[in-house]
>>> print(open('run-v7.pdb').read())   # PDB, C-alpha atoms, pLDDT in the B column
ATOM      1  CA  MET A   1     -57.690   7.292  -0.387  1.00 50.00           C
ATOM      2  CA  PHE A   2     -56.231  10.646   0.666  1.00 44.00           C
ATOM      3  CA  LEU A   3     -55.675   9.432   4.249  1.00 47.00           C
ATOM      4  CA  LYS A   4     -53.932   6.283   3.021  1.00 45.00           C
ATOM      5  CA  SER A   5     -51.654   8.384   0.793  1.00 45.00           C
ATOM      6  CA  LEU A   6     -50.920  10.771   3.659  1.00 42.00           C
ATOM      7  CA  LYS A   7     -50.076   7.907   6.022  1.00 42.00           C
ATOM      8  CA  TYR A   8     -47.802   6.378   3.392  1.00 39.00           C
ATOM      9  CA  LEU A   9     -46.016   9.710   2.869  1.00 40.00           C
ATOM     10  CA  ILE A  10     -45.491  10.126   6.625  1.00 36.00           C
ATOM     11  CA  PHE A  11     -44.121   6.576   6.827  1.00 35.00           C
ATOM     12  CA  ILE A  12     -41.605   7.282   4.025  1.00 36.00           C
ATOM     13  CA  LEU A  13     -40.484  10.540   5.658  1.00 38.00           C
ATOM     14  CA  LEU A  14     -39.988   8.785   8.980  1.00 37.00           C
ATOM     15  CA  LEU A  15     -38.034   6.019   7.295  1.00 39.00           C
ATOM     16  CA  VAL A  16     -35.726   8.511   5.570  1.00 39.00           C
ATOM     17  CA  SER A  17     -35.287  10.430   8.802  1.00 38.00           C
ATOM     18  CA  CYS A  18     -34.345   7.294  10.744  1.00 41.00           C
ATOM     19  CA  THR A  19     -31.862   6.271   8.058  1.00 43.00           C
ATOM     20  CA  LYS A  20     -30.187   9.668   8.255  1.00 37.00           C
ATOM     21  CA  GLU A  21     -30.016   9.482  12.029  1.00 37.00           C
ATOM     22  CA  GLU A  22     -28.371   6.067  11.847  1.00 47.00           C
ATOM     23  CA  SER A  23     -25.624   7.402   9.581  1.00 45.00           C
ATOM     24  CA  ILE A  24     -24.782  10.496  11.641  1.00 47.00           C
ATOM     25  CA  ILE A  25     -21.149  10.722  12.775  1.00 61.00           C
ATOM     26  CA  PRO A  26     -21.310  12.122  16.330  1.00 59.00           C
ATOM     27  CA  ASP A  27     -18.353  14.534  16.204  1.00 59.00           C
ATOM     28  CA  GLY A  28     -18.967  15.418  12.566  1.00 60.00           C
ATOM     29  CA  GLY A  29     -15.407  14.493  11.639  1.00 72.00           C
ATOM     30  CA  ASP A  30     -13.987  13.446   8.309  1.00 88.00           C
ATOM     31  CA  TYR A  31     -10.598  11.832   8.803  1.00 94.00           C
ATOM     32  CA  THR A  32     -10.096  10.383   5.327  1.00 96.00           C
ATOM     33  CA  PRO A  33      -6.417   9.421   4.913  1.00 97.00           C
ATOM     34  CA  THR A  34      -4.245  10.726   2.099  1.00 96.00           C
ATOM     35  CA  THR A  35      -3.617   8.306  -0.740  1.00 97.00           C
ATOM     36  CA  SER A  36      -0.198   6.862  -1.509  1.00 96.00           C
ATOM     37  CA  LYS A  37      -0.685   4.490  -4.447  1.00 94.00           C
ATOM     38  CA  GLY A  38      -4.378   4.730  -5.226  1.00 94.00           C
ATOM     39  CA  TYR A  39      -7.360   6.951  -6.022  1.00 98.00           C
ATOM     40  CA  LEU A  40     -10.410   7.463  -3.830  1.00 98.00           C
ATOM     41  CA  ILE A  41     -13.640   5.561  -4.398  1.00 98.00           C
ATOM     42  CA  ASN A  42     -16.559   6.703  -2.270  1.00 97.00           C
ATOM     43  CA  HIS A  43     -19.298   4.202  -1.523  1.00 98.00           C
ATOM     44  CA  THR A  44     -22.340   4.923   0.615  1.00 97.00           C
ATOM     45  CA  TYR A  45     -20.835   3.945   3.970  1.00 97.00           C
ATOM     46  CA  TYR A  46     -17.115   3.563   3.343  1.00 98.00           C
ATOM     47  CA  THR A  47     -14.260   4.931   1.220  1.00 98.00           C
ATOM     48  CA  LEU A  48     -11.511   3.043  -0.593  1.00 98.00           C
ATOM     49  CA  SER A  49      -8.175   4.048  -2.091  1.00 98.00           C
ATOM     50  CA  TYR A  50      -7.784   1.725  -5.067  1.00 98.00           C
ATOM     51  CA  SER A  51      -4.339   0.833  -6.447  1.00 98.00           C
ATOM     52  CA  ASN A  52      -4.489  -0.203 -10.092  1.00 97.00           C
ATOM     53  CA  SER A  53      -0.964  -1.609 -10.006  1.00 96.00           C
ATOM     54  CA  ASP A  54      -1.812  -3.942  -7.088  1.00 97.00           C
ATOM     55  CA  ARG A  55      -5.420  -4.583  -8.207  1.00 98.00           C
ATOM     56  CA  GLN A  56      -6.757  -3.967  -4.705  1.00 98.00           C
ATOM     57  CA  SER A  57      -7.277  -1.094  -2.293  1.00 98.00           C
ATOM     58  CA  GLU A  58      -4.522   0.309  -0.107  1.00 98.00           C
ATOM     59  CA  PHE A  59      -7.108   1.234   2.519  1.00 98.00           C
ATOM     60  CA  ALA A  60     -10.767   1.116   3.464  1.00 98.00           C
ATOM     61  CA  TYR A  61     -11.925   3.961   5.712  1.00 98.00           C
ATOM     62  CA  TYR A  62     -15.273   4.253   7.503  1.00 98.00           C
ATOM     63  CA  TYR A  63     -17.091   5.185  10.680  1.00 97.00           C
ATOM     64  CA  LEU A  64     -18.156   2.124  12.648  1.00 98.00           C
ATOM     65  CA  SER A  65     -21.265   2.869  14.698  1.00 97.00           C
ATOM     66  CA  PRO A  66     -23.141   0.629  17.144  1.00 97.00           C
ATOM     67  CA  GLN A  67     -26.161   0.929  14.827  1.00 97.00           C
ATOM     68  CA  SER A  68     -24.153  -0.469  11.944  1.00 98.00           C
ATOM     69  CA  ILE A  69     -22.927  -3.421  14.000  1.00 98.00           C
ATOM     70  CA  ASN A  70     -26.364  -4.215  15.432  1.00 98.00           C
ATOM     71  CA  GLY A  71     -28.387  -3.504  12.291  1.00 97.00           C
ATOM     72  CA  GLY A  72     -29.397  -7.100  11.744  1.00 96.00           C
ATOM     73  CA  GLN A  73     -28.835  -7.221   7.977  1.00 98.00           C
ATOM     74  CA  SER A  74     -27.677 -10.711   6.961  1.00 98.00           C
ATOM     75  CA  ARG A  75     -24.740 -11.374   4.624  1.00 98.00           C
ATOM     76  CA  THR A  76     -25.490 -11.015   0.938  1.00 98.00           C
ATOM     77  CA  ASP A  77     -22.352 -12.780  -0.402  1.00 98.00           C
ATOM     78  CA  ASP A  78     -22.875 -11.009  -3.738  1.00 98.00           C
ATOM     79  CA  PHE A  79     -19.199 -10.725  -4.709  1.00 98.00           C
ATOM     80  CA  ARG A  80     -18.983  -8.599  -7.856  1.00 98.00           C
ATOM     81  CA  ILE A  81     -17.026  -6.035  -9.860  1.00 98.00           C
ATOM     82  CA  ASP A  82     -16.929  -2.535  -8.391  1.00 98.00           C
ATOM     83  CA  PRO A  83     -18.447  -0.261 -11.061  1.00 98.00           C
ATOM     84  CA  LYS A  84     -16.395   2.669  -9.749  1.00 98.00           C
ATOM     85  CA  VAL A  85     -13.010   1.056 -10.514  1.00 98.00           C
ATOM     86  CA  LYS A  86     -11.709   2.976 -13.524  1.00 95.00           C
ATOM     87  CA  SER A  87      -9.943   0.187 -15.425  1.00 94.00           C
ATOM     88  CA  ASN A  88      -9.203  -3.560 -15.297  1.00 94.00           C
ATOM     89  CA  PRO A  89     -11.514  -4.311 -12.331  1.00 97.00           C
ATOM     90  CA  VAL A  90     -11.227  -7.565 -10.389  1.00 98.00           C
ATOM     91  CA  SER A  91     -14.067 -10.020 -10.913  1.00 97.00           C
ATOM     92  CA  SER A  92     -15.614 -12.407  -8.405  1.00 94.00           C
ATOM     93  CA  THR A  93     -13.835 -15.401  -9.985  1.00 96.00           C
ATOM     94  CA  ASP A  94     -10.301 -13.988 -10.184  1.00 97.00           C
ATOM     95  CA  TYR A  95      -9.304 -15.660  -6.895  1.00 97.00           C
ATOM     96  CA  GLN A  96     -10.560 -19.113  -7.895  1.00 96.00           C
ATOM     97  CA  GLY A  97      -7.977 -21.865  -7.503  1.00 96.00           C
ATOM     98  CA  SER A  98      -5.444 -19.484  -5.945  1.00 97.00           C
ATOM     99  CA  GLY A  99      -5.604 -20.899  -2.423  1.00 97.00           C
ATOM    100  CA  TYR A 100      -6.337 -17.425  -1.048  1.00 98.00           C
ATOM    101  CA  ASP A 101      -9.535 -16.073   0.464  1.00 98.00           C
ATOM    102  CA  ARG A 102     -11.293 -13.028  -0.892  1.00 98.00           C
ATOM    103  CA  GLY A 103     -10.550 -11.196   2.339  1.00 98.00           C
ATOM    104  CA  HIS A 104     -12.685  -8.184   3.251  1.00 98.00           C
ATOM    105  CA  LEU A 105     -10.990  -4.922   4.182  1.00 98.00           C
ATOM    106  CA  CYS A 106     -14.233  -3.336   5.395  1.00 98.00           C
ATOM    107  CA  PRO A 107     -15.831  -6.414   7.019  1.00 98.00           C
ATOM    108  CA  ALA A 108     -19.369  -7.442   6.170  1.00 98.00           C
ATOM    109  CA  ALA A 109     -20.126  -7.770   9.891  1.00 98.00           C
ATOM    110  CA  ASP A 110     -19.278  -4.074  10.351  1.00 98.00           C
ATOM    111  CA  MET A 111     -21.941  -3.079   7.836  1.00 98.00           C
ATOM    112  CA  ALA A 112     -25.152  -4.741   9.026  1.00 98.00           C
ATOM    113  CA  LEU A 113     -27.025  -1.428   9.020  1.00 98.00           C
ATOM    114  CA  ASN A 114     -29.056  -2.134   5.880  1.00 98.00           C
ATOM    115  CA  LEU A 115     -28.997  -3.917   2.539  1.00 98.00           C
ATOM    116  CA  THR A 116     -26.944  -1.205   0.830  1.00 98.00           C
ATOM    117  CA  SER A 117     -24.224  -1.105   3.470  1.00 98.00           C
ATOM    118  CA  MET A 118     -23.940  -4.900   3.527  1.00 98.00           C
ATOM    119  CA  SER A 119     -24.024  -5.458  -0.226  1.00 98.00           C
ATOM    120  CA  GLU A 120     -21.403  -2.817  -0.985  1.00 98.00           C
ATOM    121  CA  THR A 121     -18.832  -4.635   1.157  1.00 98.00           C
ATOM    122  CA  PHE A 122     -18.866  -7.417  -1.445  1.00 98.00           C
ATOM    123  CA  TYR A 123     -17.376  -5.270  -4.190  1.00 98.00           C
ATOM    124  CA  MET A 124     -14.127  -6.933  -5.237  1.00 98.00           C
ATOM    125  CA  SER A 125     -12.299  -3.628  -4.727  1.00 98.00           C
ATOM    126  CA  ASN A 126     -12.864  -4.284  -1.004  1.00 98.00           C
ATOM    127  CA  MET A 127     -11.079  -7.658  -1.213  1.00 98.00           C
ATOM    128  CA  SER A 128      -7.437  -8.547  -0.741  1.00 98.00           C
ATOM    129  CA  PRO A 129      -5.760 -11.997  -1.002  1.00 98.00           C
ATOM    130  CA  MET A 130      -5.580 -13.475   2.502  1.00 98.00           C
ATOM    131  CA  THR A 131      -4.416 -16.902   3.547  1.00 98.00           C
ATOM    132  CA  PRO A 132      -7.336 -18.893   4.992  1.00 98.00           C
ATOM    133  CA  ALA A 133      -5.505 -19.363   8.308  1.00 98.00           C
ATOM    134  CA  PHE A 134      -5.127 -15.579   8.597  1.00 98.00           C
ATOM    135  CA  ASN A 135      -8.536 -14.464   7.319  1.00 98.00           C
ATOM    136  CA  ARG A 136     -10.536 -16.958   9.367  1.00 98.00           C
ATOM    137  CA  GLY A 137      -8.260 -16.836  12.404  1.00 98.00           C
ATOM    138  CA  ILE A 138      -6.310 -13.924  13.897  1.00 98.00           C
ATOM    139  CA  TRP A 139      -7.654 -11.363  11.407  1.00 98.00           C
ATOM    140  CA  SER A 140     -11.202 -12.334  12.339  1.00 98.00           C
ATOM    141  CA  SER A 141     -10.244 -11.924  16.014  1.00 98.00           C
ATOM    142  CA  VAL A 142      -8.929  -8.400  15.373  1.00 98.00           C
ATOM    143  CA  GLU A 143     -12.111  -7.510  13.500  1.00 98.00           C
ATOM    144  CA  SER A 144     -14.216  -8.774  16.418  1.00 98.00           C
ATOM    145  CA  TRP A 145     -12.097  -6.776  18.867  1.00 98.00           C
ATOM    146  CA  VAL A 146     -12.680  -3.608  16.823  1.00 98.00           C
ATOM    147  CA  ARG A 147     -16.444  -4.180  16.833  1.00 98.00           C
ATOM    148  CA  ASP A 148     -16.442  -4.725  20.605  1.00 98.00           C
ATOM    149  CA  SER A 149     -14.409  -1.541  21.013  1.00 98.00           C
ATOM    150  CA  ALA A 150     -16.779   0.412  18.784  1.00 98.00           C
ATOM    151  CA  LEU A 151     -19.710  -0.720  20.916  1.00 98.00           C
ATOM    152  CA  SER A 152     -18.000   0.185  24.190  1.00 97.00           C
ATOM    153  CA  ASN A 153     -16.833   3.570  22.842  1.00 96.00           C
ATOM    154  CA  GLY A 154     -20.058   4.551  21.115  1.00 96.00           C
ATOM    155  CA  GLY A 155     -18.447   4.337  17.673  1.00 97.00           C
ATOM    156  CA  LEU A 156     -14.973   4.467  16.114  1.00 97.00           C
ATOM    157  CA  TYR A 157     -13.279   5.494  12.902  1.00 97.00           C
ATOM    158  CA  VAL A 158     -11.561   2.539  11.259  1.00 98.00           C
ATOM    159  CA  VAL A 159      -8.862   2.367   8.595  1.00 98.00           C
ATOM    160  CA  THR A 160      -7.624  -0.979   7.359  1.00 98.00           C
ATOM    161  CA  GLY A 161      -5.671  -2.350   4.428  1.00 98.00           C
ATOM    162  CA  PRO A 162      -2.750  -4.324   3.040  1.00 98.00           C
ATOM    163  CA  ILE A 163       0.840  -3.101   3.211  1.00 98.00           C
ATOM    164  CA  LEU A 164       1.681  -2.843  -0.474  1.00 97.00           C
ATOM    165  CA  ASN A 165       5.371  -1.962  -0.371  1.00 92.00           C
ATOM    166  CA  GLY A 166       6.304  -5.603  -0.964  1.00 88.00           C
ATOM    167  CA  SER A 167       4.872  -8.802  -2.371  1.00 94.00           C
ATOM    168  CA  CYS A 168       4.473 -12.364  -1.164  1.00 97.00           C
ATOM    169  CA  GLY A 169       3.303 -13.561  -4.565  1.00 96.00           C
ATOM    170  CA  VAL A 170       1.046 -12.597  -7.451  1.00 97.00           C
ATOM    171  CA  LEU A 171      -2.241 -14.211  -8.479  1.00 96.00           C
ATOM    172  CA  SER A 172      -3.226 -14.617 -12.100  1.00 86.00           C
ATOM    173  CA  GLY A 173      -4.167 -11.267 -13.540  1.00 91.00           C
ATOM    174  CA  GLY A 174      -1.571  -9.415 -11.474  1.00 95.00           C
ATOM    175  CA  ILE A 175      -3.329  -9.342  -8.110  1.00 98.00           C
ATOM    176  CA  VAL A 176      -0.538  -8.789  -5.579  1.00 98.00           C
ATOM    177  CA  VAL A 177      -0.489 -10.969  -2.458  1.00 98.00           C
ATOM    178  CA  PRO A 178       0.347  -8.711   0.537  1.00 98.00           C
ATOM    179  CA  CYS A 179       2.796 -10.008   3.147  1.00 98.00           C
ATOM    180  CA  SER A 180       0.999  -8.134   5.927  1.00 98.00           C
ATOM    181  CA  PHE A 181      -2.059  -6.080   6.828  1.00 98.00           C
ATOM    182  CA  TYR A 182      -2.815  -3.205   9.192  1.00 98.00           C
ATOM    183  CA  LYS A 183      -5.837  -1.934  11.071  1.00 98.00           C
ATOM    184  CA  ILE A 184      -6.329   1.337  12.957  1.00 98.00           C
ATOM    185  CA  ALA A 185      -9.099   2.257  15.403  1.00 98.00           C
ATOM    186  CA  PHE A 186      -9.561   5.946  16.252  1.00 97.00           C
ATOM    187  CA  LYS A 187     -11.867   7.686  18.711  1.00 95.00           C
ATOM    188  CA  GLY A 188     -12.353  11.354  17.948  1.00 89.00           C
ATOM    189  CA  GLY A 189     -13.737  14.123  20.109  1.00 86.00           C
ATOM    190  CA  ALA A 190     -12.321  16.118  23.007  1.00 86.00           C
ATOM    191  CA  ASN A 191     -10.070  13.278  24.197  1.00 90.00           C
ATOM    192  CA  PRO A 192      -8.948  11.448  21.046  1.00 92.00           C
ATOM    193  CA  LYS A 193      -7.206   8.097  21.192  1.00 95.00           C
ATOM    194  CA  VAL A 194      -5.880   5.688  18.611  1.00 97.00           C
ATOM    195  CA  ILE A 195      -4.473   2.173  18.400  1.00 98.00           C
ATOM    196  CA  GLY A 196      -2.915   0.422  15.410  1.00 98.00           C
ATOM    197  CA  PHE A 197      -2.038  -3.164  14.486  1.00 98.00           C
ATOM    198  CA  ILE A 198       0.188  -4.857  11.913  1.00 98.00           C
ATOM    199  CA  LEU A 199      -0.193  -8.578  11.241  1.00 98.00           C
ATOM    200  CA  SER A 200       1.545 -10.976   8.882  1.00 98.00           C
ATOM    201  CA  ASN A 201      -0.656 -12.656   6.286  1.00 98.00           C
ATOM    202  CA  SER A 202      -0.488 -15.996   8.086  1.00 98.00           C
ATOM    203  CA  GLY A 203      -2.113 -17.857  10.941  1.00 97.00           C
ATOM    204  CA  SER A 204      -1.287 -16.992  14.552  1.00 98.00           C
ATOM    205  CA  SER A 205      -2.432 -17.950  18.043  1.00 97.00           C
ATOM    206  CA  SER A 206      -0.968 -14.805  19.640  1.00 98.00           C
ATOM    207  CA  PRO A 207      -3.301 -12.360  21.424  1.00 97.00           C
ATOM    208  CA  VAL A 208      -4.533  -9.251  19.617  1.00 98.00           C
ATOM    209  CA  ARG A 209      -2.520  -7.041  21.968  1.00 97.00           C
ATOM    210  CA  SER A 210       0.773  -8.473  20.714  1.00 98.00           C
ATOM    211  CA  PHE A 211       0.230  -6.939  17.255  1.00 98.00           C
ATOM    212  CA  ALA A 212      -0.232  -3.345  18.477  1.00 98.00           C
ATOM    213  CA  VAL A 213       1.988  -0.703  16.881  1.00 98.00           C
ATOM    214  CA  SER A 214       2.012   3.086  16.656  1.00 97.00           C
ATOM    215  CA  VAL A 215       0.220   4.833  13.808  1.00 97.00           C
ATOM    216  CA  ASP A 216       3.552   6.401  12.874  1.00 97.00           C
ATOM    217  CA  GLU A 217       4.912   2.901  12.239  1.00 98.00           C
ATOM    218  CA  ILE A 218       2.003   2.101   9.903  1.00 98.00           C
ATOM    219  CA  GLU A 219       2.511   5.421   8.094  1.00 97.00           C
ATOM    220  CA  LYS A 220       6.196   4.581   7.665  1.00 97.00           C
ATOM    221  CA  ARG A 221       5.356   1.161   6.215  1.00 97.00           C
ATOM    222  CA  THR A 222       2.559   2.328   3.887  1.00 97.00           C
ATOM    223  CA  GLY A 223       3.393   5.909   2.899  1.00 97.00           C
ATOM    224  CA  ILE A 224      -0.149   6.914   3.881  1.00 97.00           C
ATOM    225  CA  ASN A 225      -0.899   9.894   6.134  1.00 96.00           C
ATOM    226  CA  PHE A 226      -3.672   8.884   8.529  1.00 97.00           C
ATOM    227  CA  PHE A 227      -5.916  11.484  10.200  1.00 94.00           C
ATOM    228  CA  PRO A 228      -4.210  14.480   8.517  1.00 92.00           C
ATOM    229  CA  GLN A 229      -7.109  16.708   9.611  1.00 91.00           C
ATOM    230  CA  LEU A 230      -5.993  16.580  13.252  1.00 91.00           C
ATOM    231  CA  GLU A 231      -4.065  19.492  14.698  1.00 89.00           C
ATOM    232  CA  ASP A 232      -0.337  18.806  14.448  1.00 88.00           C
ATOM    233  CA  GLY A 233       0.129  18.772  18.212  1.00 87.00           C
ATOM    234  CA  VAL A 234      -2.652  16.232  18.742  1.00 89.00           C
ATOM    235  CA  GLU A 235      -1.532  14.143  15.767  1.00 90.00           C
ATOM    236  CA  ASN A 236       2.057  13.970  17.011  1.00 86.00           C
ATOM    237  CA  GLN A 237       0.954  13.156  20.542  1.00 89.00           C
ATOM    238  CA  ILE A 238      -1.319  10.212  19.777  1.00 93.00           C
ATOM    239  CA  GLU A 239       0.266   8.757  16.638  1.00 95.00           C
ATOM    240  CA  GLY A 240       3.843   8.400  17.876  1.00 94.00           C
ATOM    241  CA  VAL A 241       3.208   5.958  20.734  1.00 95.00           C
ATOM    242  CA  ILE A 242       1.422   2.711  21.498  1.00 96.00           C
ATOM    243  CA  ASN A 243      -1.098   3.768  24.125  1.00 92.00           C
ATOM    244  CA  TYR A 244      -3.144   0.920  25.589  1.00 94.00           C
ATOM    245  CA  SER A 245      -4.974   3.314  27.924  1.00 89.00           C
ATOM    246  CA  GLY A 246      -8.722   3.195  27.379  1.00 89.00           C
ATOM    247  CA  TRP A 247      -8.555   0.113  25.150  1.00 96.00           C
ATOM    248  CA  ASN A 248      -9.551  -3.321  26.350  1.00 93.00           C
ATOM    249  CA  LEU A 249      -6.316  -5.065  25.389  1.00 94.00           C
TER     250      LEU A 249
END
>>> encode(input="run-v7.pdb", output="structure tokens")
Amino acid sequence: MFLKSLKYLIFILLLVSCTKEESIIPDGGDYTPTTSKGYLINHTYYTLSYSNSDRQSEFAYYYLSPQSINGGQSRTDDFRIDPKVKSNPVSSTDYQGSGYDRGHLCPAADMALNLTSMSETFYMSNMSPMTPAFNRGIWSSVESWVRDSALSNGGLYVVTGPILNGSCGVLSGGIVVPCSFYKIAFKGGANPKVIGFILSNSGSSSPVRSFAVSVDEIEKRTGINFFPQLEDGVENQIEGVINYSGWNL
């Protein structure tokens, strides 16, 4: 009985240890953006800035590791209210009949590490109204490109969200329909690099490369300060230009 208990304890300790290893961020960085319209909500593997006035998040921020992409956890599709939203949370049925998809900001496919990481992407605070042609088309292509880049770079920081300085409609309950979305991929370390994208909330057959913009342009459009923890010289150098170097675009 004692040996069985000891073996079980060792198994649990190993399991916890492996889980911690999988969640380690290699350079130890925390590049959480500043908020513009929202307040921070921290989930286990990603952070949101939730805007009550728009009834959605202005950004989702997380570290995308190869382990998270290759974790093997299947989709849970358990769309539900985020218990950390302070007031008037969006429910799983609030998009019904609107003609818009419940579009993920932090994609489910980025969070295949385990059941917790996957399930938490289905909080409605992580959703934004996306046209089906956009969500299932060019936006999906950009998400796939980011995952491929994370694999080839050994992990990336990702920030993504709607541009909420304008509206292309309002769903029942006051959920604002964004006219466009952005995504940023950042590689930290000794030789940092960054690439950003802005896309209209509509279908497109254009290549991912054609949507590349500087981070400064996204900051101008959103009012958010991305990667404020970087030294000013580094921040100015990498955020002010579109640098395709080192990216498979």
>>> atom_distance(input="run-v7.pdb", atom1="atom CA of A:Arg80", atom2="atom CA of A:Phe122")
6.5 Å
>>> resolve_selection(input="run-v7.pdb", expression="the PyMOL selection byres ((chain A and resi 215) around 10)", output="NGL selection string")
:A and (182-185 or 194-198 or 212-214 or 216-221 or 225-227 or 235-236 or 238-242)
>>> atom_distance(input="run-v7.pdb", atom1="atom CA of A:Ser119", atom2="atom CA of A:Pro83")
13.2 Å
>>> residues_around(input="run-v7.pdb", residues="A:Ser92", least_positions_apart="4", cutoff="10 Å", atoms="all atoms listed in the file", output="list in words")
Asp78, Phe79, Arg80, Ile81, Asp82, Gln96, Arg102, Phe122, Tyr123, Met124 and Met127 of chain A
>>> write_last_selection(input="run-v7.pdb", atoms="C-alpha atoms", output="PDB file, in the frame of the given file")
ATOM      1  CA  ASP A  78     -22.875 -11.009  -3.738  1.00 98.00           C
ATOM      2  CA  PHE A  79     -19.199 -10.725  -4.709  1.00 98.00           C
ATOM      3  CA  ARG A  80     -18.983  -8.599  -7.856  1.00 98.00           C
ATOM      4  CA  ILE A  81     -17.026  -6.035  -9.860  1.00 98.00           C
ATOM      5  CA  ASP A  82     -16.929  -2.535  -8.391  1.00 98.00           C
ATOM      6  CA  GLN A  96     -10.560 -19.113  -7.895  1.00 96.00           C
ATOM      7  CA  ARG A 102     -11.293 -13.028  -0.892  1.00 98.00           C
ATOM      8  CA  PHE A 122     -18.866  -7.417  -1.445  1.00 98.00           C
ATOM      9  CA  TYR A 123     -17.376  -5.270  -4.190  1.00 98.00           C
ATOM     10  CA  MET A 124     -14.127  -6.933  -5.237  1.00 98.00           C
ATOM     11  CA  MET A 127     -11.079  -7.658  -1.213  1.00 98.00           C
TER      12      MET A 127
END
>>> axis_aligned_box(input="run-v7.pdb", around="stretch 77-82 of chain A", padding_each_side="5 Å", output="lines of an AutoDock Vina configuration file")
center_x = -19.9
center_y = -7.7
center_z = -5.1
size_x = 15.9
size_y = 20.2
size_z = 19.5
>>> closest_residue(input="run-v7.pdb", among="A:Arg136, A:His104, A:Arg147, A:Arg209", to="A:Thr160", atoms="only C-alpha atoms")
A:His104
>>> atom_distance(input="run-v7.pdb", atom1="atom CA of A:Ala112", atom2="atom CA of A:Ser68")
5.3 Å
>>> residues_around(input="run-v7.pdb", residues="stretch 59-65 of chain A", least_positions_apart="3", cutoff="9 Å", atoms="all atoms listed in the file", output="JSON, numbers by chain")
{"A": [22, 23, 24, 25, 31, 32, 33, 35, 38, 45, 46, 47, 48, 49, 50, 56, 68, 69, 70, 105, 106, 110, 111, 126, 146, 147, 150, 151, 154, 155, 156, 157, 158, 159, 160, 161, 162]}
>>> build_atoms(input="run-v7.pdb", residues="stretch 61-72 of chain A", atoms="N, CA, C and O atoms", output="mmCIF file, keeping the file's coordinate frame")
data_model
loop_
_atom_site.group_PDB
_atom_site.id
_atom_site.type_symbol
_atom_site.label_atom_id
_atom_site.label_comp_id
_atom_site.auth_asym_id
_atom_site.auth_seq_id
_atom_site.Cartn_x
_atom_site.Cartn_y
_atom_site.Cartn_z
ATOM 1 N N TYR A 61 -11.719 3.027 4.596
ATOM 2 C CA TYR A 61 -11.925 3.961 5.712
ATOM 3 C C TYR A 61 -13.424 4.136 5.933
ATOM 4 O O TYR A 61 -14.189 4.311 4.983
ATOM 5 N N TYR A 62 -13.849 4.101 7.209
ATOM 6 C CA TYR A 62 -15.273 4.253 7.503
ATOM 7 C C TYR A 62 -15.484 4.546 8.978
ATOM 8 O O TYR A 62 -14.580 4.363 9.808
ATOM 9 N N TYR A 63 -16.686 5.010 9.284
ATOM 10 C CA TYR A 63 -17.091 5.185 10.680
ATOM 11 C C TYR A 63 -17.908 3.975 11.091
ATOM 12 O O TYR A 63 -18.891 3.627 10.429
ATOM 13 N N LEU A 64 -17.494 3.337 12.163
ATOM 14 C CA LEU A 64 -18.156 2.124 12.648
ATOM 15 C C LEU A 64 -19.023 2.477 13.858
ATOM 16 O O LEU A 64 -18.525 2.730 14.953
ATOM 17 N N SER A 65 -20.327 2.500 13.641
ATOM 18 C CA SER A 65 -21.265 2.869 14.698
ATOM 19 C C SER A 65 -21.901 1.634 15.323
ATOM 20 O O SER A 65 -21.981 0.578 14.686
ATOM 21 N N PRO A 66 -22.388 1.740 16.551
ATOM 22 C CA PRO A 66 -23.141 0.629 17.144
ATOM 23 C C PRO A 66 -24.353 0.233 16.299
ATOM 24 O O PRO A 66 -24.682 -0.948 16.211
ATOM 25 N N GLN A 67 -25.003 1.229 15.670
ATOM 26 C CA GLN A 67 -26.161 0.929 14.827
ATOM 27 C C GLN A 67 -25.773 0.049 13.645
ATOM 28 O O GLN A 67 -26.515 -0.850 13.234
ATOM 29 N N SER A 68 -24.617 0.313 13.096
ATOM 30 C CA SER A 68 -24.153 -0.469 11.944
ATOM 31 C C SER A 68 -23.834 -1.904 12.343
ATOM 32 O O SER A 68 -24.106 -2.846 11.595
ATOM 33 N N ILE A 69 -23.262 -2.076 13.515
ATOM 34 C CA ILE A 69 -22.927 -3.421 14.000
ATOM 35 C C ILE A 69 -24.189 -4.210 14.329
ATOM 36 O O ILE A 69 -24.302 -5.402 14.024
ATOM 37 N N ASN A 70 -25.155 -3.541 14.944
ATOM 38 C CA ASN A 70 -26.364 -4.215 15.432
ATOM 39 C C ASN A 70 -27.545 -4.119 14.477
ATOM 40 O O ASN A 70 -28.682 -4.404 14.857
ATOM 41 N N GLY A 71 -27.295 -3.753 13.232
ATOM 42 C CA GLY A 71 -28.387 -3.504 12.291
ATOM 43 C C GLY A 71 -29.218 -4.713 11.936
ATOM 44 O O GLY A 71 -30.370 -4.588 11.564
ATOM 45 N N GLY A 72 -28.630 -5.888 11.998
ATOM 46 C CA GLY A 72 -29.397 -7.100 11.744
ATOM 47 C C GLY A 72 -29.454 -7.549 10.294
ATOM 48 O O GLY A 72 -30.053 -8.586 9.994
#
